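Visitor: One file: run_33.cif (mmCIF, C-alpha atoms).
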data_target
#
loop_
_atom_site.label_atom_id
_atom_site.label_comp_id
_atom_site.auth_asym_id
_atom_site.auth_seq_id
_atom_site.Cartn_x
_atom_site.Cartn_y
_atom_site.Cartn_z
CA MET A 1 -44.57 -112.26 -154.15
CA SER A 2 -44.47 -108.72 -155.44
CA ALA A 3 -41.75 -107.76 -152.94
CA THR A 4 -39.58 -110.62 -154.08
CA SER A 5 -39.97 -109.63 -157.73
CA THR A 6 -39.15 -106.03 -156.86
CA GLU A 7 -35.97 -107.09 -155.08
CA ASP A 8 -34.92 -109.32 -157.95
CA ARG A 9 -35.37 -106.62 -160.57
CA PRO A 10 -32.13 -104.63 -159.88
CA ARG A 11 -30.17 -107.86 -159.72
CA GLN A 12 -31.47 -108.91 -163.16
CA SER A 13 -30.66 -105.55 -164.74
CA ALA A 14 -27.16 -105.69 -163.27
CA VAL A 15 -26.66 -109.10 -164.81
CA GLU A 16 -28.10 -108.07 -168.16
CA GLY A 17 -26.16 -104.80 -168.28
CA PRO A 18 -22.71 -106.13 -169.28
CA SER A 19 -24.20 -108.50 -171.87
CA SER A 20 -26.18 -105.69 -173.50
CA TRP A 21 -23.05 -103.52 -173.50
CA ALA A 22 -21.12 -106.36 -175.18
CA ARG A 23 -23.84 -106.71 -177.79
CA GLU A 24 -23.72 -102.99 -178.48
CA GLN A 25 -19.95 -103.08 -178.88
CA LEU A 26 -20.17 -106.11 -181.16
CA ALA A 27 -22.81 -104.35 -183.27
CA ALA A 28 -20.59 -101.25 -183.49
CA LEU A 29 -17.63 -103.43 -184.54
CA ARG A 30 -19.71 -105.13 -187.21
CA GLU A 31 -20.86 -101.75 -188.49
CA LEU A 32 -17.26 -100.54 -188.64
CA LEU A 33 -16.06 -103.67 -190.46
CA GLY A 34 -18.96 -103.34 -192.89
CA LYS A 35 -17.86 -99.91 -194.11
CA PRO A 36 -16.36 -99.95 -197.62
CA LEU A 37 -13.12 -98.14 -196.68
CA THR A 38 -12.29 -100.16 -193.55
CA THR A 39 -9.75 -102.32 -195.38
CA TYR A 40 -8.17 -99.32 -197.08
CA TYR A 41 -7.61 -97.47 -193.81
CA LEU A 42 -6.41 -100.61 -192.01
CA ILE A 43 -3.68 -101.16 -194.61
CA LEU A 44 -2.74 -97.49 -194.68
CA GLY A 45 -2.75 -97.06 -190.88
CA CYS A 46 -0.83 -100.24 -190.04
CA SER A 47 1.76 -99.56 -192.75
CA ALA A 48 2.28 -95.97 -191.56
CA LEU A 49 2.63 -96.99 -187.90
CA LEU A 50 5.07 -99.82 -188.64
CA LEU A 51 7.14 -97.58 -190.92
CA ALA A 52 7.30 -94.78 -188.33
CA LEU A 53 8.20 -97.26 -185.60
CA GLY A 54 10.84 -98.77 -187.86
CA LEU A 55 12.51 -95.41 -188.49
CA MET A 56 12.54 -94.70 -184.78
CA MET A 57 14.07 -98.08 -183.94
CA VAL A 58 16.65 -97.88 -186.75
CA LEU A 59 17.81 -94.53 -185.34
CA SER A 60 18.18 -96.05 -181.90
CA ALA A 61 19.66 -99.41 -182.88
CA SER A 62 22.15 -98.18 -185.50
CA SER A 63 23.52 -95.03 -183.87
CA ILE A 64 26.40 -96.66 -181.99
CA GLU A 65 27.68 -98.82 -184.86
CA ALA A 66 27.17 -96.00 -187.35
CA MET A 67 29.25 -93.72 -185.13
CA GLN A 68 32.02 -96.31 -184.98
CA LYS A 69 32.09 -96.96 -188.74
CA THR A 70 31.23 -93.58 -190.28
CA GLY A 71 31.74 -91.03 -187.51
CA ASN A 72 28.11 -89.92 -187.85
CA PRO A 73 25.51 -91.58 -185.59
CA PHE A 74 22.72 -90.53 -187.97
CA SER A 75 24.24 -91.84 -191.23
CA TRP A 76 22.26 -95.11 -191.41
CA PHE A 77 19.11 -93.39 -190.19
CA ILE A 78 19.43 -90.80 -192.96
CA LYS A 79 19.79 -93.55 -195.57
CA GLN A 80 16.75 -95.35 -194.17
CA SER A 81 14.74 -92.12 -194.10
CA PHE A 82 15.59 -91.48 -197.75
CA SER A 83 14.52 -95.04 -198.64
CA ALA A 84 11.30 -94.58 -196.64
CA ALA A 85 10.49 -91.29 -198.39
CA LEU A 86 11.08 -92.86 -201.78
CA GLY A 87 9.08 -95.92 -200.74
CA VAL A 88 6.12 -93.82 -199.64
CA LEU A 89 6.07 -92.18 -203.10
CA VAL A 90 6.21 -95.63 -204.71
CA MET A 91 3.41 -96.82 -202.43
CA TRP A 92 1.26 -93.82 -203.30
CA GLY A 93 1.91 -94.31 -207.00
CA CYS A 94 1.04 -98.03 -206.84
CA SER A 95 -2.17 -97.23 -204.95
CA ARG A 96 -3.28 -95.10 -207.94
CA LEU A 97 -2.62 -97.74 -210.59
CA PRO A 98 -5.28 -100.08 -212.01
CA HIS A 99 -4.81 -103.79 -211.40
CA ARG A 100 -4.06 -104.54 -215.06
CA VAL A 101 -0.72 -102.71 -214.66
CA PHE A 102 0.28 -105.13 -211.91
CA ARG A 103 -0.73 -108.09 -214.08
CA TRP A 104 1.58 -106.85 -216.79
CA ALA A 105 4.42 -105.85 -214.43
CA GLY A 106 4.89 -109.35 -213.01
CA TYR A 107 6.56 -110.70 -216.16
CA PRO A 108 9.36 -108.11 -216.63
CA LEU A 109 9.92 -107.95 -212.87
CA MET A 110 10.33 -111.73 -212.75
CA ALA A 111 12.78 -111.68 -215.68
CA LEU A 112 14.79 -108.78 -214.23
CA SER A 113 14.95 -110.54 -210.85
CA ILE A 114 16.42 -113.69 -212.43
CA ILE A 115 18.99 -111.64 -214.38
CA ALA A 116 19.97 -109.68 -211.26
CA LEU A 117 20.29 -112.87 -209.18
CA VAL A 118 22.61 -114.33 -211.82
CA MET A 119 24.66 -111.13 -211.73
CA VAL A 120 24.98 -111.47 -207.94
CA LEU A 121 26.73 -114.82 -208.39
CA PHE A 122 29.39 -113.24 -210.61
CA ILE A 123 29.84 -109.65 -209.45
CA GLY A 124 28.07 -109.68 -206.10
CA SER A 125 29.72 -108.96 -202.77
CA SER A 126 30.17 -111.77 -200.24
CA GLU A 127 29.69 -110.83 -196.60
CA LEU A 128 29.39 -113.08 -193.56
CA GLY A 129 29.37 -116.19 -195.76
CA ALA A 130 26.48 -115.01 -197.96
CA GLN A 131 26.57 -113.53 -201.46
CA ARG A 132 23.42 -111.42 -201.74
CA TRP A 133 24.39 -107.84 -202.59
CA ILE A 134 25.48 -105.78 -205.58
CA TYR A 135 27.23 -102.47 -204.90
CA VAL A 136 26.50 -99.69 -207.39
CA GLY A 137 28.48 -96.69 -206.15
CA PRO A 138 27.03 -95.71 -202.76
CA LEU A 139 23.95 -97.90 -203.32
CA THR A 140 23.59 -101.48 -202.12
CA LEU A 141 21.10 -103.65 -204.00
CA GLN A 142 19.73 -107.02 -202.90
CA PRO A 143 17.92 -108.55 -205.92
CA SER A 144 16.28 -111.30 -203.87
CA GLU A 145 13.93 -108.72 -202.32
CA PRO A 146 12.15 -107.54 -205.52
CA ALA A 147 12.11 -111.20 -206.60
CA LYS A 148 9.44 -111.81 -203.93
CA LEU A 149 7.18 -109.19 -205.50
CA GLY A 150 7.94 -110.51 -208.98
CA LEU A 151 6.97 -114.07 -208.01
CA ALA A 152 3.73 -112.91 -206.34
CA LEU A 153 2.60 -110.90 -209.40
CA TRP A 154 3.76 -113.36 -212.05
CA GLY A 155 2.33 -116.39 -210.26
CA ALA A 156 -0.99 -114.66 -209.55
CA ASP A 157 -1.50 -113.63 -213.18
CA LEU A 158 -0.42 -117.04 -214.46
CA LEU A 159 -2.94 -118.91 -212.31
CA ALA A 160 -5.69 -116.30 -212.83
CA ARG A 161 -5.47 -116.71 -216.60
CA ARG A 162 -5.77 -120.47 -216.29
CA ALA A 163 -8.60 -120.26 -213.77
CA ARG A 164 -10.57 -118.22 -216.31
CA HIS A 165 -11.15 -121.41 -218.33
CA GLY A 166 -12.67 -123.33 -215.42
CA ARG A 167 -11.20 -125.88 -213.05
CA ILE A 168 -7.39 -126.13 -213.22
CA GLU A 169 -5.70 -129.52 -213.31
CA TRP A 170 -2.83 -130.00 -210.90
CA ARG A 171 -0.31 -130.21 -213.77
CA HIS A 172 -1.38 -126.77 -214.97
CA MET A 173 -1.00 -125.44 -211.42
CA LEU A 174 2.63 -126.49 -211.26
CA ILE A 175 3.86 -125.71 -214.77
CA PRO A 176 5.40 -123.21 -215.29
CA LEU A 177 4.82 -121.88 -211.74
CA MET A 178 6.94 -124.51 -210.03
CA PRO A 179 9.93 -124.27 -212.43
CA GLY A 180 9.85 -120.47 -212.17
CA THR A 181 9.84 -120.62 -208.38
CA ALA A 182 12.60 -123.25 -208.46
CA ILE A 183 14.80 -121.03 -210.63
CA LEU A 184 14.47 -118.14 -208.18
CA ALA A 185 15.02 -120.44 -205.19
CA VAL A 186 18.14 -122.02 -206.70
CA MET A 187 19.63 -118.63 -207.55
CA VAL A 188 18.95 -117.39 -204.01
CA MET A 189 20.30 -120.58 -202.42
CA LEU A 190 23.51 -120.32 -204.43
CA GLY A 191 23.96 -117.01 -202.64
CA ARG A 192 23.44 -118.86 -199.32
CA ASP A 193 20.20 -117.11 -198.40
CA LEU A 194 18.00 -119.77 -196.83
CA GLY A 195 15.61 -117.22 -195.28
CA THR A 196 14.58 -115.65 -198.59
CA THR A 197 14.20 -119.12 -200.11
CA LEU A 198 11.74 -119.92 -197.33
CA VAL A 199 9.73 -116.75 -198.08
CA LEU A 200 9.60 -117.61 -201.80
CA PHE A 201 8.29 -121.03 -200.84
CA MET A 202 5.58 -119.40 -198.69
CA ILE A 203 4.44 -117.29 -201.65
CA PHE A 204 4.36 -120.39 -203.86
CA LEU A 205 2.26 -122.34 -201.35
CA ALA A 206 -0.13 -119.42 -200.82
CA LEU A 207 -0.81 -119.21 -204.56
CA LEU A 208 -1.51 -122.95 -204.74
CA TRP A 209 -3.76 -122.80 -201.68
CA VAL A 210 -5.93 -119.97 -203.02
CA VAL A 211 -6.28 -121.53 -206.46
CA GLY A 212 -7.55 -124.74 -204.84
CA ALA A 213 -4.69 -127.25 -205.08
CA PRO A 214 -5.49 -130.69 -203.60
CA ILE A 215 -4.09 -131.66 -200.21
CA LYS A 216 -2.13 -134.55 -201.77
CA LEU A 217 -0.23 -132.06 -203.90
CA PHE A 218 0.65 -130.01 -200.81
CA ALA A 219 1.84 -133.14 -199.01
CA GLY A 220 4.11 -134.06 -201.91
CA ILE A 221 5.56 -130.56 -202.25
CA LEU A 222 6.17 -130.25 -198.50
CA SER A 223 7.89 -133.65 -198.44
CA LEU A 224 10.22 -132.59 -201.24
CA ALA A 225 10.88 -129.25 -199.52
CA VAL A 226 11.75 -130.92 -196.21
CA LEU A 227 14.10 -133.34 -197.99
CA ALA A 228 15.79 -130.47 -199.86
CA ALA A 229 16.13 -128.47 -196.62
CA ILE A 230 17.78 -131.42 -194.86
CA ILE A 231 20.24 -131.84 -197.73
CA MET A 232 21.08 -128.12 -197.76
CA ILE A 233 21.62 -128.13 -193.99
CA LYS A 234 23.88 -131.17 -194.20
CA VAL A 235 25.94 -129.69 -197.04
CA GLU A 236 26.81 -126.42 -195.28
CA PRO A 237 28.56 -126.72 -191.89
CA TYR A 238 27.43 -123.26 -190.74
CA ARG A 239 23.79 -124.30 -191.15
CA MET A 240 24.39 -127.34 -188.96
CA ALA A 241 25.94 -125.00 -186.40
CA ARG A 242 22.84 -122.79 -186.57
CA ILE A 243 20.55 -125.77 -185.97
CA GLY A 244 22.67 -126.75 -182.96
CA ALA A 245 22.57 -123.18 -181.70
CA PHE A 246 18.78 -123.14 -182.14
CA LEU A 247 18.31 -126.33 -180.12
CA ASP A 248 20.61 -125.19 -177.29
CA PRO A 249 22.10 -121.71 -177.80
CA TRP A 250 23.50 -121.56 -174.26
CA ALA A 251 25.72 -124.58 -174.92
CA ASP A 252 27.98 -122.33 -177.03
CA ALA A 253 26.98 -118.87 -175.84
CA GLN A 254 30.24 -117.29 -177.04
CA GLY A 255 30.26 -119.08 -180.41
CA ALA A 256 27.46 -120.33 -182.64
CA GLY A 257 24.77 -119.39 -180.11
CA TYR A 258 26.09 -115.88 -179.40
CA GLN A 259 23.54 -113.93 -181.44
CA ALA A 260 20.58 -115.98 -180.20
CA VAL A 261 21.69 -115.66 -176.58
CA GLN A 262 22.24 -111.90 -176.80
CA GLY A 263 18.86 -111.48 -178.47
CA GLN A 264 17.11 -113.38 -175.68
CA ILE A 265 18.96 -111.35 -173.04
CA ALA A 266 17.88 -108.10 -174.73
CA MET A 267 14.25 -109.25 -174.95
CA GLY A 268 14.19 -110.39 -171.33
CA SER A 269 15.79 -107.25 -169.93
CA GLY A 270 13.01 -105.07 -171.35
CA GLY A 271 10.40 -106.27 -168.87
CA TRP A 272 6.82 -105.11 -169.27
CA PHE A 273 7.37 -101.56 -170.54
CA GLY A 274 11.05 -101.51 -171.55
CA LEU A 275 14.06 -99.45 -170.61
CA GLY A 276 12.93 -96.47 -172.68
CA LEU A 277 13.67 -95.28 -176.20
CA GLY A 278 17.40 -95.05 -176.85
CA SER A 279 18.27 -96.85 -173.60
CA SER A 280 19.18 -100.23 -175.07
CA ARG A 281 22.34 -101.80 -173.69
CA ALA A 282 22.56 -104.58 -176.29
CA LYS A 283 23.22 -102.15 -179.15
CA TRP A 284 26.61 -101.27 -177.68
CA SER A 285 28.27 -103.90 -179.92
CA TRP A 286 26.84 -106.81 -177.92
CA LEU A 287 24.07 -107.82 -180.33
CA PRO A 288 25.15 -108.38 -183.97
CA HIS A 289 22.87 -106.89 -186.64
CA GLY A 290 20.69 -105.15 -184.10
CA GLU A 291 19.48 -102.66 -186.71
CA SER A 292 18.35 -105.31 -189.22
CA ASP A 293 17.83 -109.01 -188.44
CA PHE A 294 17.54 -108.54 -184.66
CA ILE A 295 15.82 -105.17 -184.46
CA PHE A 296 12.87 -106.89 -182.77
CA ALA A 297 15.20 -107.66 -179.82
CA ILE A 298 16.19 -103.99 -179.51
CA LEU A 299 12.52 -103.05 -179.73
CA GLY A 300 11.66 -105.49 -176.94
CA GLU A 301 14.47 -104.14 -174.77
CA GLU A 302 13.48 -100.49 -175.19
CA LEU A 303 9.68 -100.79 -175.38
CA GLY A 304 9.17 -103.98 -173.39
CA LEU A 305 6.54 -106.67 -173.79
CA MET A 306 3.84 -104.08 -174.49
CA GLY A 307 5.81 -102.69 -177.42
CA THR A 308 6.37 -106.12 -178.95
CA LEU A 309 2.67 -106.97 -178.58
CA VAL A 310 1.76 -103.75 -180.40
CA VAL A 311 4.05 -104.76 -183.29
CA VAL A 312 2.54 -108.26 -183.40
CA ALA A 313 -0.96 -106.74 -183.38
CA LEU A 314 -0.09 -104.37 -186.25
CA PHE A 315 1.21 -107.22 -188.40
CA GLY A 316 -1.88 -109.25 -187.48
CA LEU A 317 -4.19 -106.42 -188.57
CA LEU A 318 -2.20 -105.95 -191.76
CA GLY A 319 -2.53 -109.64 -192.57
CA TYR A 320 -6.26 -109.52 -191.79
CA ALA A 321 -6.72 -106.53 -194.08
CA GLY A 322 -4.90 -108.30 -196.93
CA LEU A 323 -7.04 -111.41 -196.56
CA ARG A 324 -10.14 -109.20 -196.36
CA VAL A 325 -9.22 -107.76 -199.75
CA ALA A 326 -8.79 -111.27 -201.13
CA THR A 327 -12.24 -112.33 -199.97
CA ARG A 328 -14.24 -109.19 -200.81
CA VAL A 329 -12.99 -108.49 -204.36
CA ASN A 330 -14.44 -110.60 -207.16
CA ASP A 331 -11.32 -110.97 -209.29
CA ALA A 332 -9.09 -114.05 -209.47
CA PHE A 333 -5.84 -112.10 -209.91
CA VAL A 334 -6.61 -109.78 -206.99
CA ARG A 335 -7.39 -112.74 -204.71
CA LEU A 336 -4.20 -114.57 -205.63
CA ALA A 337 -1.93 -111.51 -205.49
CA ALA A 338 -3.36 -110.30 -202.16
CA ALA A 339 -2.96 -113.74 -200.57
CA ALA A 340 0.62 -114.02 -201.86
CA ILE A 341 1.52 -110.59 -200.42
CA VAL A 342 0.03 -111.54 -197.04
CA ALA A 343 2.01 -114.79 -197.04
CA TRP A 344 5.16 -112.85 -197.88
CA ILE A 345 4.91 -109.99 -195.36
CA ALA A 346 3.19 -111.81 -192.47
CA GLY A 347 5.21 -114.98 -193.01
CA GLN A 348 8.50 -113.09 -193.05
CA ALA A 349 7.51 -111.21 -189.89
CA ILE A 350 6.70 -114.49 -188.12
CA VAL A 351 10.03 -116.04 -189.16
CA ASN A 352 11.99 -112.98 -188.03
CA MET A 353 10.25 -112.62 -184.67
CA GLY A 354 10.36 -116.38 -184.10
CA ALA A 355 14.13 -116.38 -184.63
CA VAL A 356 14.61 -113.56 -182.13
CA LEU A 357 12.42 -115.32 -179.56
CA GLY A 358 14.27 -118.60 -180.06
CA VAL A 359 11.30 -120.62 -181.34
CA LEU A 360 12.65 -120.76 -184.93
CA PRO A 361 16.20 -121.07 -186.31
CA ILE A 362 17.99 -117.86 -187.28
CA THR A 363 17.64 -117.34 -191.04
CA GLY A 364 18.90 -113.78 -191.46
CA ILE A 365 15.79 -112.13 -192.94
CA PRO A 366 14.65 -108.63 -191.90
CA LEU A 367 11.44 -107.60 -190.15
CA PRO A 368 9.26 -105.98 -192.86
CA LEU A 369 8.90 -102.17 -192.63
CA VAL A 370 10.91 -102.08 -189.40
CA SER A 371 14.43 -103.39 -190.13
CA TYR A 372 17.16 -101.35 -191.78
CA GLY A 373 17.57 -101.81 -195.54
CA GLY A 374 16.18 -99.99 -198.54
CA SER A 375 16.28 -103.03 -200.85
CA ALA A 376 13.74 -104.75 -198.61
CA LEU A 377 11.70 -101.64 -197.78
CA LEU A 378 10.93 -100.45 -201.33
CA PRO A 379 9.37 -103.70 -202.66
CA THR A 380 7.38 -104.09 -199.44
CA LEU A 381 5.90 -100.60 -199.73
CA ALA A 382 5.17 -101.21 -203.42
CA ALA A 383 3.27 -104.38 -202.46
CA LEU A 384 1.31 -102.49 -199.81
CA GLY A 385 0.48 -99.78 -202.35
CA MET A 386 -0.85 -102.52 -204.59
CA LEU A 387 -3.04 -103.76 -201.72
CA LEU A 388 -4.39 -100.22 -201.34
CA SER A 389 -5.24 -100.21 -205.04
CA PHE A 390 -7.02 -103.55 -204.62
CA ALA A 391 -8.90 -102.26 -201.55
CA LYS A 392 -10.42 -99.53 -203.72
CA ARG A 393 -12.13 -102.28 -205.73
CA GLU A 394 -14.22 -103.42 -202.76
CA PRO A 395 -17.98 -102.80 -203.06
CA GLY A 396 -18.71 -99.12 -202.45
CA ALA A 397 -15.06 -98.15 -201.86
CA ARG A 398 -14.70 -95.92 -204.92
CA GLU A 399 -17.92 -94.08 -204.20
CA ALA A 400 -16.81 -93.50 -200.60
CA LEU A 401 -13.42 -92.19 -201.75
CA ALA A 402 -15.07 -89.90 -204.31
CA ALA A 403 -17.43 -88.51 -201.65
CA ARG A 404 -14.48 -87.90 -199.32
CA GLY A 405 -12.88 -85.48 -201.78
CA PRO A 406 -9.22 -85.06 -202.75
CA GLY A 407 -6.60 -86.09 -200.23
CA PRO A 408 -3.46 -84.19 -199.15
CA ALA A 409 -1.35 -85.69 -201.94
CA ALA A 410 -3.88 -84.73 -204.59
CA ARG A 411 -4.13 -81.19 -203.19
CA ALA A 412 -0.34 -80.89 -203.21
CA LEU A 413 -0.26 -81.96 -206.86
CA SER A 414 -2.97 -79.48 -207.71
CA TRP A 415 -0.85 -76.72 -206.20
CA LEU A 416 1.94 -77.81 -208.56
CA GLY A 417 -0.44 -77.75 -211.51
CA LEU A 418 -0.37 -81.54 -211.92
CA GLY A 419 -3.65 -82.44 -210.27
CA ARG A 420 -5.78 -82.19 -213.44
CA ALA A 421 -3.52 -84.59 -215.38
CA VAL A 422 -3.44 -87.08 -212.51
CA ARG A 423 -7.23 -87.00 -212.13
CA ALA A 424 -7.68 -87.48 -215.87
CA ARG A 425 -5.41 -90.53 -215.90
CA SER A 426 -7.17 -91.89 -212.84
CA ARG A 427 -10.61 -91.46 -214.43
CA ALA A 428 -9.38 -93.08 -217.65
CA GLY A 429 -7.99 -96.01 -215.67
CA SER A 430 -11.25 -96.38 -213.74
CA ARG A 431 -13.31 -96.37 -216.94
CA ALA A 432 -11.00 -98.96 -218.50
CA GLU A 433 -11.30 -101.16 -215.42
CA SER A 434 -15.07 -100.85 -215.44
CA ARG A 435 -15.21 -101.85 -219.12
CA ALA A 436 -12.90 -104.81 -218.45
CA GLU A 437 -15.03 -105.95 -215.52
CA SER A 438 -18.19 -105.62 -217.61
CA ARG A 439 -16.65 -107.70 -220.41
CA ALA A 440 -15.50 -110.31 -217.89
CA GLY A 441 -19.01 -110.48 -216.38
CA SER A 442 -20.60 -110.85 -219.79
CA ARG A 443 -18.12 -113.59 -220.74
CA ALA A 444 -18.82 -115.43 -217.48
CA GLY A 445 -22.56 -115.18 -218.11
CA ARG A 446 -22.21 -116.62 -221.61
CA GLU A 447 -20.10 -119.49 -220.32
CA ALA A 448 -22.64 -120.21 -217.57
CA ARG A 449 -25.50 -120.29 -220.13
CA ARG A 450 -23.54 -122.74 -222.24
#
Go ahead and render the structure in this file as structure tokens.

Guide:
Amino acid sequence: MSATSTEDRPRQSAVEGPSSWAREQLAALRELLGKPLTTYYLILGCSALLLALGLMMVLSASSIEAMQKTGNPFSWFIKQSFSAALGVLVMWGCSRLPHRVFRWAGYPLMALSIIALVMVLFIGSSELGAQRWIYVGPLTLQPSEPAKLGLALWGADLLARRARHGRIEWRHMLIPLMPGTAILAVMVMLGRDLGTTLVLFMIFLALLWVVGAPIKLFAGILSLAVLAAIIMIKVEPYRMARIGAFLDPWADAQGAGYQAVQGQIAMGSGGWFGLGLGSSRAKWSWLPHGESDFIFAILGEELGLMGTLVVVALFGLLGYAGLRVATRVNDAFVRLAAAAIVAWIAGQAIVNMGAVLGVLPITGIPLPLVSYGGSALLPTLAALGMLLSFAKREPGAREALAARGPGPAARALSWLGLGRAVRARSRAGSRAESRAESRAGSRAGREARR
């Protein structure tokens, strides 16, 4: 009996070993996720990695066409680098602002977006059948990109103010949110930009979902959206051609399905680990818009399946971090704005990658943080800076940041003699936020006692 138990003992420990190791790893993961700055560093790390990867891929994907059009293979990369540097400053600035600034900024940004979209219809430049851009000297502006940020901020503040008075009726959810969204969508659709219209619709649905809209309301809105999409596809012949190319791109591989076919060839030729950075064959004028709409295909060709999975994982972590902010911060505006930003960035990434892979129709929207284009990059980095600001409001986050000490940016400002002023403004903003939160808590307590 004792011999049998002695023989069984090593076998039992061998069986229990992996499970105990898994429990230890799970406990370590829970401890990591429980730290107050986990969300902050997830947003910062994923954004930095995607931005760096984007610059690298823009350099590779645009060099041939830039050489043909400008004589300088680095011209588009230099423009993107300048936009990225400016965007990082905007992101850092937004991360230092209190949330009340974003609540106020939504209204003028929404109004300016509508004015700019109207200007596009009259003085905008039409390229490839779409009228989306305004040329101001050497700069190219696409007003539909900041309109996404404007809708997210304006809609979040609008619903947060109404949620303050208790349960919102469905009529109050839609008015004026739905007319405002419809105005933006109509302006964008008049410029023949179905992809951006879809992203605006995602932001609108995310706001309604977080605020607690009933399922019947979603069903009605989705039915109207599907009907409107069918009408818009029927009206424009090129959209019908895109739907046909989506269903069977190889049927017209040299015509309507050319871009989809070349994108699939580029993705497939990358294999597991890719051809190597700079070794893409599709960028030699075979794949249209390889630096913007189809940069994911160039990435798959040069970095392979492993590279594309890394990009998908980074966007997944970024979306998780945004939703983590929305669930851990006790503020209606922060929850709504964070969810809207996640719907915008993650939804746009899914649509772009799905179009390249052939599982969604081609809509012509860029891959956030990766594709070429400063008009899309700057609002995205501003939104991510806002998420960083929201992440500082998580329980214990400010104390952890204060214990960490000044960062590199703060030290650089102190060398320039600006650090004291920045710290004073930051402390004043923090005190104002604390007073506002205290007043909101007291008001909520009085309402609960009533």

Visitor: Using only C-alpha atoms, which residues sit within 12 Å of Glu236 (chain A) once same-chain residues fewer than 4 positions away are excluded, as JSON, numbers by chain?

Guide: {"A": [129, 130, 189, 190, 192, 193, 194, 229, 230, 231, 232, 240, 241, 242, 243]}

Visitor: Using C-alpha atoms, can you export the residues from the last selection as a PDB file, in the frame of the given file?

Guide:
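What landed in out_3.pdb:
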ATOM      1  CA  GLY A 129      29.370-116.190-195.760  1.00  0.00           C
ATOM      2  CA  ALA A 130      26.480-115.010-197.960  1.00  0.00           C
ATOM      3  CA  MET A 189      20.300-120.580-202.420  1.00  0.00           C
ATOM      4  CA  LEU A 190      23.510-120.320-204.430  1.00  0.00           C
ATOM      5  CA  ARG A 192      23.440-118.860-199.320  1.00  0.00           C
ATOM      6  CA  ASP A 193      20.200-117.110-198.400  1.00  0.00           C
ATOM      7  CA  LEU A 194      18.000-119.770-196.830  1.00  0.00           C
ATOM      8  CA  ALA A 229      16.130-128.470-196.620  1.00  0.00           C
ATOM      9  CA  ILE A 230      17.780-131.420-194.860  1.00  0.00           C
ATOM     10  CA  ILE A 231      20.240-131.840-197.730  1.00  0.00           C
ATOM     11  CA  MET A 232      21.080-128.120-197.760  1.00  0.00           C
ATOM     12  CA  MET A 240      24.390-127.340-188.960  1.00  0.00           C
ATOM     13  CA  ALA A 241      25.940-125.000-186.400  1.00  0.00           C
ATOM     14  CA  ARG A 242      22.840-122.790-186.570  1.00  0.00           C
ATOM     15  CA  ILE A 243      20.550-125.770-185.970  1.00  0.00           C
TER      16      ILE A 243
END

Visitor: Please write the residues picked by the PyMOL selection byres ((chain A and resi 303) around 7) on this file as a ChimeraX atom specification.

Guide: /A:270,273-277,299-302,304-307

Visitor: Nearest to Thr197 (chain A): which of A:Tyr372, A:Trp344, A:Phe246, A:Tyr41 is it, counting all atoms listed in the file?

Guide: A:Trp344

Visitor: Name the residues, using the chain letters and numbers of the file, that sit within 12 Å of (13.9, -120.8, -211.0) when counting all atoms listed in the file, and give them as an mmCIF file with C-alpha atoms, in the frame of the given file.

Guide:
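Output file part_6.cif is given in full below:
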data_model
loop_
_atom_site.group_PDB
_atom_site.id
_atom_site.type_symbol
_atom_site.label_atom_id
_atom_site.label_comp_id
_atom_site.auth_asym_id
_atom_site.auth_seq_id
_atom_site.Cartn_x
_atom_site.Cartn_y
_atom_site.Cartn_z
ATOM 1 C CA MET A 110 10.330 -111.730 -212.750
ATOM 2 C CA ALA A 111 12.780 -111.680 -215.680
ATOM 3 C CA SER A 113 14.950 -110.540 -210.850
ATOM 4 C CA ILE A 114 16.420 -113.690 -212.430
ATOM 5 C CA ILE A 115 18.990 -111.640 -214.380
ATOM 6 C CA LEU A 117 20.290 -112.870 -209.180
ATOM 7 C CA VAL A 118 22.610 -114.330 -211.820
ATOM 8 C CA ALA A 147 12.110 -111.200 -206.600
ATOM 9 C CA LEU A 151 6.970 -114.070 -208.010
ATOM 10 C CA ILE A 175 3.860 -125.710 -214.770
ATOM 11 C CA PRO A 176 5.400 -123.210 -215.290
ATOM 12 C CA LEU A 177 4.820 -121.880 -211.740
ATOM 13 C CA MET A 178 6.940 -124.510 -210.030
ATOM 14 C CA PRO A 179 9.930 -124.270 -212.430
ATOM 15 C CA GLY A 180 9.850 -120.470 -212.170
ATOM 16 C CA THR A 181 9.840 -120.620 -208.380
ATOM 17 C CA ALA A 182 12.600 -123.250 -208.460
ATOM 18 C CA ILE A 183 14.800 -121.030 -210.630
ATOM 19 C CA LEU A 184 14.470 -118.140 -208.180
ATOM 20 C CA ALA A 185 15.020 -120.440 -205.190
ATOM 21 C CA VAL A 186 18.140 -122.020 -206.700
ATOM 22 C CA MET A 187 19.630 -118.630 -207.550
ATOM 23 C CA VAL A 188 18.950 -117.390 -204.010
ATOM 24 C CA MET A 189 20.300 -120.580 -202.420
ATOM 25 C CA LEU A 190 23.510 -120.320 -204.430
ATOM 26 C CA THR A 197 14.200 -119.120 -200.110
ATOM 27 C CA LEU A 200 9.600 -117.610 -201.800
ATOM 28 C CA PHE A 201 8.290 -121.030 -200.840
ATOM 29 C CA PHE A 204 4.360 -120.390 -203.860
#

Visitor: Nearest residue to Val199 (chain A) out of A:Ile365, A:Ala251, A:Met67, A:Met267, using all atoms listed in the file?

Guide: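 Under the stated criterion, the closest residue is A:Ile365.
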
Visitor: Got a sec: who's within 8 Å of Leu357 (chain A), counting only C-alpha atoms, leaving out chain neighbours fewer than 2 positions off, as a PyMOL selection string?

Guide: chain A and resi 263-264+267+353-355+359-360
